[in-house]
>>> print(open('entry16.txt').read())   # compact mmCIF, C-alpha atoms and all ligand atoms
# COMPACT_ATOMS: atom_id res chain seq x y z
CA MET A 1 7.48 16.13 12.40
CA ASP A 2 5.15 15.90 9.42
CA LYS A 3 1.56 14.99 10.10
CA LEU A 4 0.87 11.25 9.89
CA ILE A 5 -0.35 9.83 6.58
CA ILE A 6 -2.37 6.67 7.15
CA THR A 7 -2.75 4.43 4.12
CA ALA A 8 -5.58 1.88 4.13
CA ALA A 9 -4.81 -1.28 2.13
CA VAL A 10 -8.39 -2.50 2.11
CA VAL A 11 -8.43 -5.79 0.15
CA GLY A 12 -5.15 -7.01 -1.45
CA ALA A 13 -4.94 -9.90 -3.92
CA GLU A 14 -4.52 -13.01 -1.79
CA LEU A 15 -7.24 -13.12 0.86
CA THR A 16 -10.59 -14.84 0.38
CA ARG A 17 -13.83 -14.81 2.40
CA GLU A 18 -12.63 -18.09 3.92
CA ASP A 19 -9.83 -16.06 5.56
CA THR A 20 -12.26 -13.40 6.82
CA PRO A 21 -15.93 -12.66 6.18
CA TYR A 22 -15.08 -8.92 6.46
CA LEU A 23 -13.13 -8.89 3.17
CA PRO A 24 -14.61 -6.50 0.60
CA LEU A 25 -14.74 -7.96 -2.92
CA THR A 26 -17.13 -6.04 -5.20
CA PRO A 27 -16.41 -2.46 -6.29
CA GLU A 28 -19.23 -1.31 -4.03
CA GLU A 29 -17.86 -3.22 -1.01
CA ILE A 30 -14.28 -2.02 -1.66
CA ALA A 31 -15.48 1.59 -1.98
CA GLU A 32 -17.48 1.27 1.23
CA GLU A 33 -14.38 0.00 3.04
CA ALA A 34 -12.41 2.90 1.60
CA ARG A 35 -15.08 5.30 2.90
CA ARG A 36 -14.99 3.73 6.38
CA SER A 37 -11.19 4.00 6.31
CA CYS A 38 -11.26 7.66 5.27
CA GLU A 39 -13.91 8.42 7.87
CA ALA A 40 -11.58 6.86 10.44
CA GLY A 41 -8.59 8.99 9.32
CA ALA A 42 -6.94 7.35 6.29
CA SER A 43 -5.77 9.81 3.63
CA VAL A 44 -4.49 7.27 1.06
CA VAL A 45 -6.25 4.11 -0.11
CA HIS A 46 -4.19 1.31 -1.69
CA LEU A 47 -6.49 -0.56 -4.05
CA HIS A 48 -6.59 -3.99 -5.58
CA ALA A 49 -9.46 -5.25 -7.76
CA ARG A 50 -11.37 -8.52 -7.80
CA ASP A 51 -13.42 -10.15 -10.57
CA PRO A 52 -17.04 -11.32 -10.10
CA GLU A 53 -15.72 -14.62 -8.65
CA GLY A 54 -13.65 -12.63 -6.11
CA LEU A 55 -10.36 -13.51 -7.80
CA PRO A 56 -7.66 -10.82 -8.26
CA THR A 57 -7.81 -8.88 -11.52
CA GLN A 58 -5.88 -5.87 -12.86
CA ASP A 59 -8.62 -5.04 -15.37
CA PRO A 60 -8.71 -1.24 -15.69
CA LYS A 61 -12.49 -1.46 -16.14
CA VAL A 62 -12.90 -2.97 -12.69
CA TYR A 63 -10.37 -0.55 -11.15
CA GLY A 64 -12.25 2.27 -12.88
CA GLU A 65 -15.52 1.15 -11.27
CA ILE A 66 -13.86 1.00 -7.86
CA ILE A 67 -12.14 4.39 -8.23
CA GLU A 68 -15.36 6.07 -9.37
CA ARG A 69 -17.17 4.75 -6.29
CA VAL A 70 -14.33 5.67 -3.94
CA ARG A 71 -14.13 9.22 -5.31
CA ALA A 72 -17.88 9.59 -4.78
CA ARG A 73 -17.36 8.73 -1.11
CA CYS A 74 -14.08 10.26 0.01
CA ASP A 75 -11.23 12.53 -1.06
CA ALA A 76 -8.38 10.15 -0.22
CA VAL A 77 -5.39 9.78 -2.52
CA ILE A 78 -6.08 6.83 -4.81
CA GLN A 79 -3.18 4.39 -5.17
CA VAL A 80 -3.60 1.42 -7.50
CA SER A 81 -1.47 -1.71 -7.25
CA THR A 82 0.94 -2.80 -10.00
CA GLY A 83 1.83 -5.76 -7.82
CA GLY A 84 -1.47 -7.41 -8.62
CA ALA A 85 -1.07 -11.12 -7.88
CA VAL A 86 2.13 -13.16 -8.23
CA HIS A 87 0.85 -15.25 -11.18
CA MET A 88 0.03 -12.22 -13.34
CA SER A 89 2.05 -11.02 -16.35
CA ALA A 90 3.81 -7.64 -16.33
CA GLU A 91 1.31 -6.48 -18.95
CA GLU A 92 -1.65 -7.36 -16.72
CA ARG A 93 -0.08 -5.85 -13.62
CA LEU A 94 0.71 -2.49 -15.26
CA ALA A 95 -2.73 -2.01 -16.86
CA PRO A 96 -4.46 0.14 -14.18
CA VAL A 97 -1.77 2.84 -14.50
CA SER A 98 -3.53 3.77 -17.77
CA LEU A 99 -6.30 5.25 -15.58
CA GLN A 100 -3.74 7.86 -14.42
CA PRO A 101 -4.46 7.57 -10.69
CA GLU A 102 -2.48 9.90 -8.41
CA MET A 103 -0.28 7.01 -7.26
CA ALA A 104 0.58 3.40 -8.03
CA SER A 105 2.69 0.89 -6.14
CA LEU A 106 6.01 -0.17 -7.67
CA THR A 107 7.95 -3.03 -6.05
CA THR A 108 11.61 -2.53 -6.92
CA GLY A 109 12.89 -6.10 -6.75
CA THR A 110 12.10 -9.81 -6.75
CA VAL A 111 11.32 -11.53 -3.48
CA ASN A 112 10.05 -14.80 -2.06
CA PHE A 113 6.43 -14.21 -1.17
CA GLY A 114 5.37 -17.10 1.05
CA GLU A 115 5.41 -20.20 -1.17
CA ASP A 116 5.55 -18.01 -4.31
CA VAL A 117 8.09 -15.76 -6.00
CA PHE A 118 6.99 -12.16 -6.53
CA SER A 119 8.96 -11.51 -9.71
CA ASN A 120 10.17 -7.97 -10.42
CA PRO A 121 13.23 -8.27 -12.69
CA TRP A 122 15.19 -5.18 -13.68
CA GLY A 123 13.53 -4.87 -17.11
CA LEU A 124 10.09 -4.81 -15.49
CA LEU A 125 11.18 -2.08 -13.04
CA VAL A 126 12.43 0.11 -15.91
CA ARG A 127 9.24 -0.47 -17.91
CA PHE A 128 6.94 0.23 -14.96
CA ALA A 129 8.87 3.33 -13.86
CA GLU A 130 8.86 4.69 -17.44
CA ALA A 131 5.12 4.08 -17.77
CA MET A 132 4.31 5.81 -14.47
CA LYS A 133 6.52 8.78 -15.33
CA ALA A 134 4.88 9.06 -18.76
CA GLN A 135 1.40 8.92 -17.22
CA GLY A 136 2.20 11.38 -14.42
CA VAL A 137 1.54 8.70 -11.76
CA LYS A 138 3.63 8.97 -8.59
CA PRO A 139 5.10 5.60 -7.59
CA GLU A 140 4.97 4.32 -4.04
CA LEU A 141 8.16 2.23 -3.94
CA GLU A 142 7.31 -1.04 -2.19
CA ILE A 143 10.37 -2.35 -0.35
CA PHE A 144 10.29 -5.96 0.86
CA ASP A 145 14.08 -6.24 1.31
CA THR A 146 17.04 -3.87 1.66
CA GLY A 147 18.42 -4.32 -1.88
CA MET A 148 15.21 -2.87 -3.28
CA VAL A 149 16.15 0.59 -1.98
CA ALA A 150 19.34 0.50 -4.07
CA ASN A 151 17.31 -0.51 -7.15
CA ALA A 152 15.01 2.47 -6.59
CA VAL A 153 17.99 4.83 -6.25
CA ARG A 154 19.42 3.41 -9.50
CA LEU A 155 16.12 4.15 -11.26
CA GLU A 156 16.26 7.70 -9.91
CA THR A 157 19.86 8.11 -11.14
CA MET A 158 18.59 7.08 -14.59
CA GLY A 159 15.91 9.79 -14.39
CA LEU A 160 13.09 7.20 -14.35
CA LEU A 161 12.00 8.11 -10.82
CA LEU A 162 11.56 11.76 -9.87
CA PRO A 163 12.61 12.94 -6.41
CA PRO A 164 11.43 13.21 -3.74
CA LEU A 165 10.89 9.46 -3.61
CA HIS A 166 8.17 7.85 -1.49
CA PHE A 167 8.82 4.40 -0.03
CA ASP A 168 6.62 1.81 1.71
CA PHE A 169 8.50 -0.79 3.72
CA VAL A 170 6.53 -4.06 3.68
CA LEU A 171 7.92 -5.96 6.68
CA GLY A 172 7.19 -9.45 7.94
CA VAL A 173 6.25 -11.22 4.69
CA PRO A 174 7.32 -14.88 5.02
CA GLY A 175 10.41 -15.06 2.75
CA ALA A 176 11.21 -11.36 2.94
CA LEU A 177 12.76 -8.95 5.46
CA PRO A 178 11.43 -9.66 8.96
CA ALA A 179 9.52 -6.91 10.79
CA GLY A 180 11.27 -5.19 13.68
CA VAL A 181 12.43 -1.77 14.79
CA LYS A 182 16.08 -2.52 13.93
CA ASN A 183 15.24 -3.45 10.33
CA LEU A 184 12.89 -0.48 10.04
CA VAL A 185 15.50 2.00 11.27
CA HIS A 186 18.13 0.45 8.98
CA LEU A 187 15.83 0.98 5.98
CA VAL A 188 14.95 4.55 7.03
CA GLU A 189 18.64 5.39 7.37
CA SER A 190 19.35 3.98 3.89
CA LEU A 191 16.95 6.38 2.12
CA PRO A 192 18.03 9.27 -0.12
CA ALA A 193 17.70 12.67 1.59
CA GLY A 194 14.26 14.20 1.18
CA SER A 195 12.44 10.86 0.81
CA THR A 196 9.17 10.12 2.57
CA TRP A 197 8.41 6.64 3.89
CA SER A 198 5.59 4.51 5.22
CA VAL A 199 5.67 1.06 6.79
CA ALA A 200 3.27 -1.85 6.31
CA GLY A 201 3.69 -4.52 8.96
CA ILE A 202 2.25 -7.93 8.08
CA GLY A 203 -0.12 -9.65 10.49
CA ARG A 204 0.79 -9.13 14.18
CA HIS A 205 3.54 -6.73 13.10
CA GLN A 206 1.07 -4.21 11.67
CA LEU A 207 0.33 -2.33 14.90
CA PRO A 208 3.87 -2.20 16.34
CA MET A 209 5.34 -1.06 13.02
CA ALA A 210 2.64 1.61 12.68
CA ALA A 211 3.40 2.78 16.24
CA ALA A 212 7.13 2.89 15.40
CA ALA A 213 6.34 5.01 12.33
CA VAL A 214 4.32 7.42 14.49
CA ILE A 215 7.32 7.88 16.79
CA LEU A 216 9.96 7.98 14.02
CA GLY A 217 8.13 10.59 11.92
CA GLY A 218 7.24 8.22 9.09
CA HIS A 219 3.82 7.15 7.86
CA ALA A 220 1.81 3.99 8.34
CA ARG A 221 -0.10 1.51 6.20
CA VAL A 222 -2.75 -0.65 7.82
CA GLY A 223 -5.66 -2.70 6.54
CA LEU A 224 -6.92 -6.17 5.72
CA GLU A 225 -4.52 -6.67 2.78
CA ASP A 226 -1.69 -7.02 5.29
CA ASN A 227 -3.51 -8.15 8.44
CA ILE A 228 -6.97 -9.63 9.14
CA PHE A 229 -6.71 -9.72 12.96
CA TYR A 230 -7.56 -6.95 15.40
CA ARG A 231 -5.78 -8.92 18.12
CA LYS A 232 -4.71 -12.53 18.50
CA GLY A 233 -7.67 -14.76 17.79
CA GLU A 234 -10.05 -11.89 17.00
CA LEU A 235 -10.78 -10.90 13.41
CA ALA A 236 -10.81 -7.18 12.57
CA GLN A 237 -14.37 -6.29 11.65
CA GLY A 238 -13.20 -4.49 8.50
CA ASN A 239 -10.55 -1.86 7.77
CA GLY A 240 -12.18 0.86 9.88
CA PRO A 241 -11.15 -0.48 13.29
CA LEU A 242 -7.55 -0.94 12.12
CA VAL A 243 -7.37 2.69 10.97
CA GLU A 244 -9.17 3.99 14.07
CA ARG A 245 -6.61 2.29 16.30
CA VAL A 246 -3.62 3.94 14.59
CA VAL A 247 -5.42 7.30 14.88
CA ARG A 248 -5.77 6.71 18.65
CA VAL A 249 -2.10 5.74 18.95
CA ALA A 250 -1.07 8.87 17.02
CA ARG A 251 -3.28 11.04 19.20
CA GLU A 252 -1.81 9.59 22.41
CA LEU A 253 1.70 10.21 21.04
CA GLY A 254 0.90 13.76 19.96
CA ARG A 255 1.26 13.17 16.19
CA PRO A 256 -1.57 14.87 14.24
CA VAL A 257 -3.10 12.91 11.38
CA ALA A 258 -2.92 14.37 7.84
CA THR A 259 -6.00 15.14 5.79
CA PRO A 260 -6.00 13.94 2.17
CA ASP A 261 -4.88 17.37 0.95
CA GLU A 262 -2.16 17.56 3.59
CA ALA A 263 -1.05 14.11 2.44
CA ARG A 264 -0.94 15.38 -1.15
CA ALA A 265 1.29 18.25 -0.08
CA LEU A 266 3.60 15.94 1.88
CA LEU A 267 3.83 13.48 -1.05
CA GLY A 268 4.40 16.19 -3.64
CA LEU A 269 1.15 15.40 -5.47
CA ALA A 270 -0.38 18.30 -7.38
N1 LIG B 301 -0.07 -8.92 -3.88
C1 LIG B 301 1.38 -8.93 -3.80
C2 LIG B 301 1.94 -9.98 -4.71
C3 LIG B 301 1.47 -4.12 -4.31
O1 LIG B 301 0.24 -3.95 -4.16
O2 LIG B 301 2.13 -3.47 -5.09
C4 LIG B 301 1.98 -7.60 -4.22
C5 LIG B 301 1.34 -6.43 -3.58
C6 LIG B 301 2.17 -5.19 -3.55
O3 LIG B 301 0.22 -6.42 -3.14
ZN ZN B 302 -1.02 -4.42 -2.58
>>> encode(input="entry16.txt", output="structure tokens")
Amino acid sequence: MDKLIITAAVVGAELTREDTPYLPLTPEEIAEEARRSCEAGASVVHLHARDPEGLPTQDPKVYGEIIERVRARCDAVIQVSTGGAVHMSAEERLAPVSLQPEMASLTTGTVNFGEDVFSNPWGLLVRFAEAMKAQGVKPELEIFDTGMVANAVRLETMGLLLPPLHFDFVLGVPGALPAGVKNLVHLVESLPAGSTWSVAGIGRHQLPMAAAAVILGGHARVGLEDNIFYRKGELAQGNGPLVERVVRVARELGRPVATPDEARALLGLA
């Protein structure tokens, strides 16, 4: 089995300090959380940006400030979000790809996202995939529902996505595919040969899905973006403890954890 790549999704676009006081908001705070996550064993950081009021922004200037601070602290693979926040335009969402990070997320379909609709029509997928290919940015294909895998394969058939593809199954979002081992295995079995995959369980599903990934030979995404609780009724005191716990689970199950450079090799990054 490949070594385990742990991705830390440290802030996301939706949470506020009312949800948890441990949420990083400024570039400095986000970079510090990325450092703690890398120290704990994460080899990829999935980044969102916030404006001075703490609201989500896709401003490349803010992402640039965050990335500069993260790079000064750890060698993790930097992955920016093109999901941004549901109310944002395609233009806004795509903007941080211009910074040519190693990776960027690309959600390959529209899905109900709680009370909202996370809109990713076909034209947006083509535009985003073209832009990432042109900028040499490797997409992480965010899969919230099974049809999104087929959309990704169609983009690859068109030459807009280059194999091997890397997928992240986001399971347990209210309105999208429920988390569970059966759904996870179904998604894994639907992937093109040679693909790599990670799973991001939402809320209470984060730990069990990460443990399933450890056993199945996939990779795991943890962090405050997807889950603010360490256990029922107890807030996680930042991203570090969530990463440390998956490292312990992997160790107990005999699955070594990848370094950032080992993650780069596994993901086909230069
Ligand atoms: N914030 C969600 C609407 C991604 O980063 O690409 C989309 C999201 C996925 O967070
Ligand atoms: Zn995200």
>>> residues_near_ligand(input="entry16.txt", ligand="ligand LIG 301 (chain B)", cutoff="6 Å", atoms="all atoms listed in the file", output="mmCIF file with C-alpha atoms, keeping the file's coordinate frame")
data_model
loop_
_atom_site.group_PDB
_atom_site.id
_atom_site.type_symbol
_atom_site.label_atom_id
_atom_site.label_comp_id
_atom_site.auth_asym_id
_atom_site.auth_seq_id
_atom_site.Cartn_x
_atom_site.Cartn_y
_atom_site.Cartn_z
ATOM 1 C CA GLY A 12 -5.150 -7.010 -1.450
ATOM 2 C CA ALA A 13 -4.940 -9.900 -3.920
ATOM 3 C CA SER A 81 -1.470 -1.710 -7.250
ATOM 4 C CA THR A 82 0.940 -2.800 -10.000
ATOM 5 C CA GLY A 83 1.830 -5.760 -7.820
ATOM 6 C CA GLY A 84 -1.470 -7.410 -8.620
ATOM 7 C CA ALA A 85 -1.070 -11.120 -7.880
ATOM 8 C CA VAL A 86 2.130 -13.160 -8.230
ATOM 9 C CA SER A 105 2.690 0.890 -6.140
ATOM 10 C CA LEU A 106 6.010 -0.170 -7.670
ATOM 11 C CA THR A 107 7.950 -3.030 -6.050
ATOM 12 C CA PHE A 118 6.990 -12.160 -6.530
#
>>> closest_residue(input="entry16.txt", among="A:His87, A:Arg221, A:Arg17, A:His166", to="ligand ZN 302 (chain B)", atoms="all atoms listed in the file")
A:Arg221
>>> residues_near_ligand(input="entry16.txt", ligand="ligand ZN 302 (chain B)", cutoff="12 Å", atoms="only C-alpha atoms and all ligand atoms", output="JSON, numbers by chain")
{"A": [7, 8, 9, 10, 11, 12, 13, 14, 15, 45, 46, 47, 48, 49, 56, 58, 79, 80, 81, 82, 83, 84, 85, 86, 93, 104, 105, 106, 107, 118, 140, 141, 142, 143, 144, 168, 169, 170, 200, 202, 221, 222, 223, 224, 225, 226, 227]}
>>> closest_residue(input="entry16.txt", among="A:Ala31, A:Leu94, A:Met103, A:Val173", to="Arg69 in chain A", atoms="all atoms listed in the file")
A:Ala31
>>> residues_around(input="entry16.txt", residues="Leu99 in chain A", least_positions_apart="3", cutoff="9 Å", atoms="only C-alpha atoms", output="list in words")
Pro60, Tyr63, Gly64, Ala95, Pro96 and Gln135 of chain A
>>> residues_around(input="entry16.txt", residues="Arg245 in chain A", least_positions_apart="4", cutoff="9 Å", atoms="all atoms listed in the file", output="MDAnalysis selection string")
chainID A and resid 40 207 240:241 249:250
>>> closest_residue(input="entry16.txt", among="A:Gln100, A:Asn151, A:Ala263, A:Ala90", to="Leu124 in chain A", atoms="only C-alpha atoms")
A:Ala90
>>> closest_residue(input="entry16.txt", among="A:Gly159, A:Leu187, A:Val137, A:Pro174", to="Asp116 in chain A", atoms="only C-alpha atoms")
A:Pro174
>>> closest_residue(input="entry16.txt", among="A:Met132, A:Ala76, A:Ala258, A:Leu267", to="Gly194 in chain A", atoms="only C-alpha atoms")
A:Leu267
>>> residues_around(input="entry16.txt", residues="range 230-235 of chain A", least_positions_apart="5", cutoff="8 Å", atoms="all atoms listed in the file", output="number ranges by chain")
A: 20, 204, 241-242
>>> atom_distance(input="entry16.txt", atom1="CA of Ser89 in chain A", atom2="CA of Gln206 in chain A")
28.9 Å
